[in-house]
Amino acid sequence: MNYKKVFLIGMMYSGKTTIGQILASQIKFSFLDIDYEIQNILDMSINDIFKIHGEKKFRTLESVFFKECSNLNKHIFSTGGGLILNQDSYQILKNNKAVFFLDSSPEIIYKRFQKDSNRHHRPLLKNASLSLIDTIYKKRYDLYKSCSEFVINTDHCTPTEVANKIEMYLNA
């Protein structure tokens, strides 16, 4: 394998965390979930960070943390859905080769959101409708696509199937 690190990008509910954990186990890399690490560092949920500090402050923290840890090798990085909105983070992704856009349709994202008993922890989707998810998706889609090397649709695949596809690309 020629890759020292792998980045998973995409919307919430595209499977980045689950797929990243499976993939890390398969290829013997460490797994790092950016959102999870920020929550641990601040000892606050993302929802509380948004409430107390606002989205702008969260995006700044997310970008600074991502910049610091993106140099780690032998890691799978699960990024927050909005990370690509920050120009510095976008450039880091753009300058790396193993960036996988896990693409899920707004309809599937909405279905997954509705099934999630912890969905109240998603501040941008607090009052989610299919229309809101579609709006966010359309706003971010070109950014995801332009900084990724690979696009994998996760709508009708299991997380293991997606991890296997990524591993296949990495070994090609």
# chains A, B, ... in the order shown; residues from 1 in each chain; ligands from 1
$ select_by_dssp --residues "range 1-120 of chain A" --states "strand (DSSP E or B)" --output "list in words"
Lys5, Val6, Phe7, Leu8, Ile9, Ser30, Phe31, Leu32, Asp33, His75, Ile76, Phe77, Ser78, Val99, Phe100, Phe101, Leu102 and Asp103 of chain A
$ write_last_selection --atoms "C-alpha atoms" --output "PDB file, in the first residue's frame"
ATOM      1  CA  LYS A   5      -3.046   8.081   5.732  1.00  0.00           C
ATOM      2  CA  VAL A   6      -6.651   7.954   4.610  1.00  0.00           C
ATOM      3  CA  PHE A   7      -9.289  10.671   4.901  1.00  0.00           C
ATOM      4  CA  LEU A   8     -13.026   9.964   4.855  1.00  0.00           C
ATOM      5  CA  ILE A   9     -15.219  12.936   3.996  1.00  0.00           C
ATOM      6  CA  SER A  30      -5.142   3.849  13.861  1.00  0.00           C
ATOM      7  CA  PHE A  31      -8.569   5.466  13.673  1.00  0.00           C
ATOM      8  CA  LEU A  32      -9.207   9.123  14.509  1.00  0.00           C
ATOM      9  CA  ASP A  33     -12.685  10.676  14.489  1.00  0.00           C
ATOM     10  CA  HIS A  75      -4.227   6.830  10.435  1.00  0.00           C
ATOM     11  CA  ILE A  76      -7.752   6.729   9.078  1.00  0.00           C
ATOM     12  CA  PHE A  77      -9.386  10.135   9.626  1.00  0.00           C
ATOM     13  CA  SER A  78     -13.151  10.473   9.901  1.00  0.00           C
ATOM     14  CA  VAL A  99      -9.345  11.166   0.257  1.00  0.00           C
ATOM     15  CA  PHE A 100     -12.587   9.231  -0.066  1.00  0.00           C
ATOM     16  CA  PHE A 101     -15.898  11.050  -0.459  1.00  0.00           C
ATOM     17  CA  LEU A 102     -18.523   8.752   1.043  1.00  0.00           C
ATOM     18  CA  ASP A 103     -21.511   9.972  -0.896  1.00  0.00           C
TER      19      ASP A 103
END
$ residues_around --residues "Tyr36 in chain A" --least-positions-apart "6" --cutoff "10 Å" --atoms "only C-alpha atoms" --output "list in words"
Thr17, Met44, Ser45, Ile46, Ser78, Thr79 and Gly80 of chain A
$ write_last_selection --atoms "N, CA and C atoms" --output "tab-separated table (two decimals), in the first residue's frame"
chain	number	residue	atom	x	y	z
A	17	THR	N	-17.60	7.26	10.30
A	17	THR	CA	-17.06	6.69	11.54
A	17	THR	C	-17.08	5.17	11.51
A	44	MET	N	-17.26	18.37	26.08
A	44	MET	CA	-18.58	18.90	25.72
A	44	MET	C	-19.06	18.18	24.47
A	45	SER	N	-20.37	18.05	24.35
A	45	SER	CA	-20.93	17.50	23.12
A	45	SER	C	-20.84	18.57	22.02
A	46	ILE	N	-20.89	18.14	20.79
A	46	ILE	CA	-20.89	19.10	19.68
A	46	ILE	C	-22.11	20.00	19.79
A	78	SER	N	-11.74	10.22	10.17
A	78	SER	CA	-13.15	10.47	9.90
A	78	SER	C	-13.37	11.95	10.19
A	79	THR	N	-13.69	12.71	9.17
A	79	THR	CA	-13.82	14.16	9.33
A	79	THR	C	-15.27	14.54	9.58
A	80	GLY	N	-15.46	15.69	10.19
A	80	GLY	CA	-16.81	16.21	10.34
A	80	GLY	C	-17.35	16.61	8.98
$ residues_around --residues "Gly15 in chain A" --least-positions-apart "2" --cutoff "9 Å" --atoms "only C-alpha atoms" --output "PyMOL selection string"
chain A and resi 10-13+17-20+102+104+154+159
$ write_last_selection --atoms "all heavy atoms" --output "PDB file, in the first residue's frame"
ATOM      1  N   GLY A  10     -17.549  13.524   3.835  1.00  0.00           N
ATOM      2  CA  GLY A  10     -18.927  13.373   3.383  1.00  0.00           C
ATOM      3  C   GLY A  10     -19.896  13.901   4.425  1.00  0.00           C
ATOM      4  O   GLY A  10     -19.507  14.349   5.505  1.00  0.00           O
ATOM      5  N   MET A  11     -21.143  13.822   4.077  1.00  0.00           N
ATOM      6  CA  MET A  11     -22.207  14.321   4.938  1.00  0.00           C
ATOM      7  C   MET A  11     -22.338  13.469   6.202  1.00  0.00           C
ATOM      8  O   MET A  11     -21.887  12.329   6.252  1.00  0.00           O
ATOM      9  CB  MET A  11     -23.546  14.274   4.186  1.00  0.00           C
ATOM     10  CG  MET A  11     -23.681  15.292   3.080  1.00  0.00           C
ATOM     11  SD  MET A  11     -24.087  16.938   3.671  1.00  0.00           S
ATOM     12  CE  MET A  11     -25.771  16.700   4.247  1.00  0.00           C
ATOM     13  N   MET A  12     -23.025  14.049   7.192  1.00  0.00           N
ATOM     14  CA  MET A  12     -23.423  13.273   8.357  1.00  0.00           C
ATOM     15  C   MET A  12     -24.239  12.093   7.857  1.00  0.00           C
ATOM     16  O   MET A  12     -24.967  12.205   6.867  1.00  0.00           O
ATOM     17  CB  MET A  12     -24.307  14.120   9.283  1.00  0.00           C
ATOM     18  CG  MET A  12     -23.582  15.301   9.897  1.00  0.00           C
ATOM     19  SD  MET A  12     -24.707  16.425  10.734  1.00  0.00           S
ATOM     20  CE  MET A  12     -25.147  17.491   9.362  1.00  0.00           C
ATOM     21  N   TYR A  13     -24.093  10.976   8.527  1.00  0.00           N
ATOM     22  CA  TYR A  13     -24.822   9.742   8.198  1.00  0.00           C
ATOM     23  C   TYR A  13     -24.377   9.099   6.891  1.00  0.00           C
ATOM     24  O   TYR A  13     -25.089   8.277   6.340  1.00  0.00           O
ATOM     25  CB  TYR A  13     -26.339   9.969   8.202  1.00  0.00           C
ATOM     26  CG  TYR A  13     -26.863  10.330   9.558  1.00  0.00           C
ATOM     27  CD1 TYR A  13     -27.205  11.638   9.869  1.00  0.00           C
ATOM     28  CD2 TYR A  13     -27.004   9.349  10.544  1.00  0.00           C
ATOM     29  CE1 TYR A  13     -27.669  11.973  11.128  1.00  0.00           C
ATOM     30  CE2 TYR A  13     -27.477   9.691  11.806  1.00  0.00           C
ATOM     31  CZ  TYR A  13     -27.805  10.993  12.094  1.00  0.00           C
ATOM     32  OH  TYR A  13     -28.257  11.330  13.354  1.00  0.00           O
ATOM     33  N   THR A  17     -17.598   7.256  10.298  1.00  0.00           N
ATOM     34  CA  THR A  17     -17.060   6.693  11.535  1.00  0.00           C
ATOM     35  C   THR A  17     -17.084   5.170  11.506  1.00  0.00           C
ATOM     36  O   THR A  17     -16.060   4.516  11.748  1.00  0.00           O
ATOM     37  CB  THR A  17     -17.837   7.222  12.753  1.00  0.00           C
ATOM     38  OG1 THR A  17     -17.672   8.646  12.810  1.00  0.00           O
ATOM     39  CG2 THR A  17     -17.329   6.605  14.052  1.00  0.00           C
ATOM     40  N   THR A  18     -18.218   4.600  11.186  1.00  0.00           N
ATOM     41  CA  THR A  18     -18.339   3.140  11.172  1.00  0.00           C
ATOM     42  C   THR A  18     -17.396   2.531  10.144  1.00  0.00           C
ATOM     43  O   THR A  18     -16.663   1.574  10.438  1.00  0.00           O
ATOM     44  CB  THR A  18     -19.799   2.733  10.862  1.00  0.00           C
ATOM     45  OG1 THR A  18     -20.657   3.337  11.842  1.00  0.00           O
ATOM     46  CG2 THR A  18     -19.969   1.235  10.885  1.00  0.00           C
ATOM     47  N   ILE A  19     -17.392   3.071   8.951  1.00  0.00           N
ATOM     48  CA  ILE A  19     -16.527   2.564   7.879  1.00  0.00           C
ATOM     49  C   ILE A  19     -15.065   2.764   8.244  1.00  0.00           C
ATOM     50  O   ILE A  19     -14.231   1.875   8.036  1.00  0.00           O
ATOM     51  CB  ILE A  19     -16.886   3.237   6.534  1.00  0.00           C
ATOM     52  CG1 ILE A  19     -18.280   2.781   6.091  1.00  0.00           C
ATOM     53  CG2 ILE A  19     -15.827   2.947   5.471  1.00  0.00           C
ATOM     54  CD1 ILE A  19     -18.931   3.659   5.037  1.00  0.00           C
ATOM     55  N   GLY A  20     -14.742   3.920   8.817  1.00  0.00           N
ATOM     56  CA  GLY A  20     -13.363   4.195   9.218  1.00  0.00           C
ATOM     57  C   GLY A  20     -12.854   3.213  10.259  1.00  0.00           C
ATOM     58  O   GLY A  20     -11.703   2.761  10.183  1.00  0.00           O
ATOM     59  N   LEU A 102     -17.462   9.730   0.834  1.00  0.00           N
ATOM     60  CA  LEU A 102     -18.523   8.752   1.043  1.00  0.00           C
ATOM     61  C   LEU A 102     -19.831   9.470   0.765  1.00  0.00           C
ATOM     62  O   LEU A 102     -20.329  10.235   1.584  1.00  0.00           O
ATOM     63  CB  LEU A 102     -18.469   8.191   2.467  1.00  0.00           C
ATOM     64  CG  LEU A 102     -17.128   7.551   2.862  1.00  0.00           C
ATOM     65  CD1 LEU A 102     -17.211   6.975   4.265  1.00  0.00           C
ATOM     66  CD2 LEU A 102     -16.686   6.503   1.856  1.00  0.00           C
ATOM     67  N   SER A 104     -23.686   9.858   0.104  1.00  0.00           N
ATOM     68  CA  SER A 104     -25.018   9.312   0.376  1.00  0.00           C
ATOM     69  C   SER A 104     -26.039  10.326  -0.085  1.00  0.00           C
ATOM     70  O   SER A 104     -25.870  11.531   0.131  1.00  0.00           O
ATOM     71  CB  SER A 104     -25.210   9.052   1.870  1.00  0.00           C
ATOM     72  OG  SER A 104     -24.376   8.020   2.303  1.00  0.00           O
ATOM     73  N   THR A 154     -22.591   5.258  -0.721  1.00  0.00           N
ATOM     74  CA  THR A 154     -22.845   4.357   0.399  1.00  0.00           C
ATOM     75  C   THR A 154     -24.329   4.041   0.587  1.00  0.00           C
ATOM     76  O   THR A 154     -24.692   3.389   1.561  1.00  0.00           O
ATOM     77  CB  THR A 154     -22.303   4.957   1.722  1.00  0.00           C
ATOM     78  OG1 THR A 154     -23.050   6.116   2.059  1.00  0.00           O
ATOM     79  CG2 THR A 154     -20.830   5.294   1.622  1.00  0.00           C
ATOM     80  N   PRO A 159     -21.450  -1.059   5.655  1.00  0.00           N
ATOM     81  CA  PRO A 159     -20.156  -0.440   5.979  1.00  0.00           C
ATOM     82  C   PRO A 159     -18.966  -1.335   5.624  1.00  0.00           C
ATOM     83  O   PRO A 159     -17.950  -0.844   5.134  1.00  0.00           O
ATOM     84  CB  PRO A 159     -20.256  -0.213   7.491  1.00  0.00           C
ATOM     85  CG  PRO A 159     -21.723  -0.027   7.730  1.00  0.00           C
ATOM     86  CD  PRO A 159     -22.384  -1.000   6.784  1.00  0.00           C
TER      87      PRO A 159
END
$ closest_residue --among "A:Ala98, A:Leu61, A:Ile92, A:Val151" --to "Asp35 in chain A" --atoms "only C-alpha atoms"
A:Leu61
$ closest_residue --among "A:Ile136, A:Val64, A:Leu170, A:Ile38" --to "Asp88 in chain A" --atoms "only C-alpha atoms"
A:Val64
$ closest_residue --among "A:Glu167, A:Lys56, A:Val162, A:Gln87" --to "Lys16 in chain A" --atoms "only C-alpha atoms"
A:Val162
$ closest_residue --among "A:Tyr3, A:Leu93, A:Ser14, A:Gly82" --to "Ile152 in chain A" --atoms "only C-alpha atoms"
A:Ser14
$ select_by_dssp --residues "chain A" --states "helix (DSSP H, G or I)" --output "ChimeraX atom specification"
/A:16-27,34-42,46-69,83-85,87-94,106-115,119-121,123-125,130-146,159-171
$ residues_around --residues "Ser105 in chain A" --least-positions-apart "4" --cutoff "9 Å" --atoms "only C-alpha atoms" --output "mmCIF file with N, CA and C atoms, in the first residue's frame"
data_model
loop_
_atom_site.group_PDB
_atom_site.id
_atom_site.type_symbol
_atom_site.label_atom_id
_atom_site.label_comp_id
_atom_site.auth_asym_id
_atom_site.auth_seq_id
_atom_site.Cartn_x
_atom_site.Cartn_y
_atom_site.Cartn_z
ATOM 1 N N SER A 14 -23.205 9.458 6.414
ATOM 2 C CA SER A 14 -22.680 8.769 5.224
ATOM 3 C C SER A 14 -21.894 7.528 5.620
ATOM 4 N N ILE A 109 -29.707 9.821 3.750
ATOM 5 C CA ILE A 109 -29.257 10.526 4.953
ATOM 6 C C ILE A 109 -30.452 10.802 5.861
ATOM 7 N N TYR A 110 -31.539 11.254 5.277
ATOM 8 C CA TYR A 110 -32.746 11.552 6.060
ATOM 9 C C TYR A 110 -33.300 10.283 6.722
ATOM 10 N N ASP A 134 -31.175 18.225 1.940
ATOM 11 C CA ASP A 134 -30.898 18.429 0.517
ATOM 12 C C ASP A 134 -30.156 19.747 0.290
ATOM 13 N N TYR A 137 -26.555 19.318 1.516
ATOM 14 C CA TYR A 137 -25.891 18.426 0.569
ATOM 15 C C TYR A 137 -25.486 19.185 -0.694
ATOM 16 N N ASN A 153 -20.438 5.696 -3.386
ATOM 17 C CA ASN A 153 -21.813 5.864 -2.939
ATOM 18 C C ASN A 153 -22.107 4.811 -1.874
ATOM 19 N N THR A 154 -22.591 5.258 -0.721
ATOM 20 C CA THR A 154 -22.845 4.357 0.399
ATOM 21 C C THR A 154 -24.329 4.041 0.587
ATOM 22 N N ASP A 155 -25.164 4.481 -0.341
ATOM 23 C CA ASP A 155 -26.610 4.327 -0.167
ATOM 24 C C ASP A 155 -27.051 2.882 0.075
#
$ atom_distance --atom1 "CA of Glu55 in chain A" --atom2 "CA of Leu85 in chain A"
11.6 Å
$ residues_around --residues "Ser89 in chain A" --least-positions-apart "4" --cutoff "9 Å" --atoms "only C-alpha atoms" --output "CSV table (one decimal) with N, CA and C atoms, in the first residue's frame"
chain,number,residue,atom,x,y,z
A,62,GLU,N,-12.3,22.9,15.0
A,62,GLU,CA,-12.2,21.7,14.1
A,62,GLU,C,-11.1,21.8,13.2
A,63,SER,N,-10.9,23.0,12.6
A,63,SER,CA,-9.9,23.2,11.6
A,63,SER,C,-8.5,23.2,12.2
A,64,VAL,N,-8.4,23.8,13.4
A,64,VAL,CA,-7.1,23.9,14.1
A,64,VAL,C,-6.7,22.4,14.5
A,66,PHE,N,-7.7,19.6,13.2
A,66,PHE,CA,-7.5,18.8,12.0
A,66,PHE,C,-6.1,19.1,11.4
A,67,LYS,N,-5.7,20.4,11.4
A,67,LYS,CA,-4.4,20.7,10.9
A,67,LYS,C,-3.3,20.1,11.7
A,83,LEU,N,-16.2,20.0,7.6
A,83,LEU,CA,-14.8,20.4,7.7
A,83,LEU,C,-14.3,21.0,6.4
A,84,ILE,N,-14.9,20.6,5.3
A,84,ILE,CA,-14.5,21.1,3.9
A,84,ILE,C,-14.9,22.5,3.7
A,85,LEU,N,-15.7,23.1,4.6
A,85,LEU,CA,-16.1,24.5,4.5
A,85,LEU,C,-14.9,25.5,4.9
A,93,LEU,N,-6.9,18.5,2.6
A,93,LEU,CA,-7.5,17.4,1.9
A,93,LEU,C,-7.1,17.4,0.4
A,94,LYS,N,-7.2,18.5,-0.2
A,94,LYS,CA,-6.9,18.6,-1.6
A,94,LYS,C,-5.4,18.2,-1.9
